[in-house]
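A.B. asks: I am attaching a structure below and will ask some questions about it afterwards.
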Amino acid sequence: MTIAQQLNIKAKEFPFEIKDNSGNIIYTERVDRYWIKKEYDNKGNVIYWEDSIRGIIKDRVPEYTMEELVDKLGHNFKIKK
């Protein structure tokens with residue numbers, strides 16, 4: 001059962017969308033029940049995408065510079081080999 005079906009969304013209310021706190025659309029569903037799920041990184045880039053028809057999942061592992069990692073972790077560190 002899709003999210004729109006669970007919420008009893010009526011045909012006139014499509015496309016049905018859910019947004020995250022940053023305003024990014026994380027779920028879209030059409031009246032024909034086709035849906036897309038997305039996840040975003042903190043820069044607004046799509047890092048995960050999945051759809052209901054093809055079952056395609058695209059998962060992007062974020063890439064960071066050493067400076068960005070230090071900023072995210074809040075301290076310096078060393079990389080083990």
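Labels used: A, B, ... for chains in the order of the structure tokens, numbers from 1 for residues in each chain, and numbers from 1 for ligands as shown.
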Write down as a list of chain:residue names the residues belonging to chain A that are assigned strand (DSSP E) by DSSP computed on the backbone.

C.D. replies: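 So, restricting chain A to strand (DSSP E), we get A:Phe16, A:Glu17, A:Ile18, A:Lys19, A:Ile25, A:Ile26, A:Tyr27, A:Thr28, A:Glu29, A:Trp35, A:Ile36, A:Lys37, A:Lys38, A:Glu39, A:Tyr40, A:Val46, A:Ile47, A:Tyr48, A:Trp49, A:Glu50, A:Asp51, A:Ile57, A:Lys58, A:Asp59.
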
A.B. asks: Which residues are near Met66 of chain A? Cut-off 10 Å, only C-alpha atoms, ignore same chain within fewer than 6 positions. Put them as a PyMOL selection string.

C.D. replies: chain A and resi 72+76-79

A.B. asks: Between atom CA of Trp49 of chain A and atom CA of Gly74 of chain A, what is the spacing in Å?

C.D. replies: 29.1 Å

A.B. asks: Near Ile36 of chain A, within 8 Å and counting only C-alpha atoms, which residues show up once chain neighbours fewer than 2 positions away are dropped, as a PyMOL selection string?

C.D. replies: chain A and resi 26-29+34+38+49-52

A.B. asks: Calculated over only C-alpha atoms, which of the candidates A:Ala4, A:Ile18, A:Arg54, A:His75 has the smallest distance to Asp32 of chain A?

C.D. replies: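 Under the stated criterion, the closest residue is A:Ala4.
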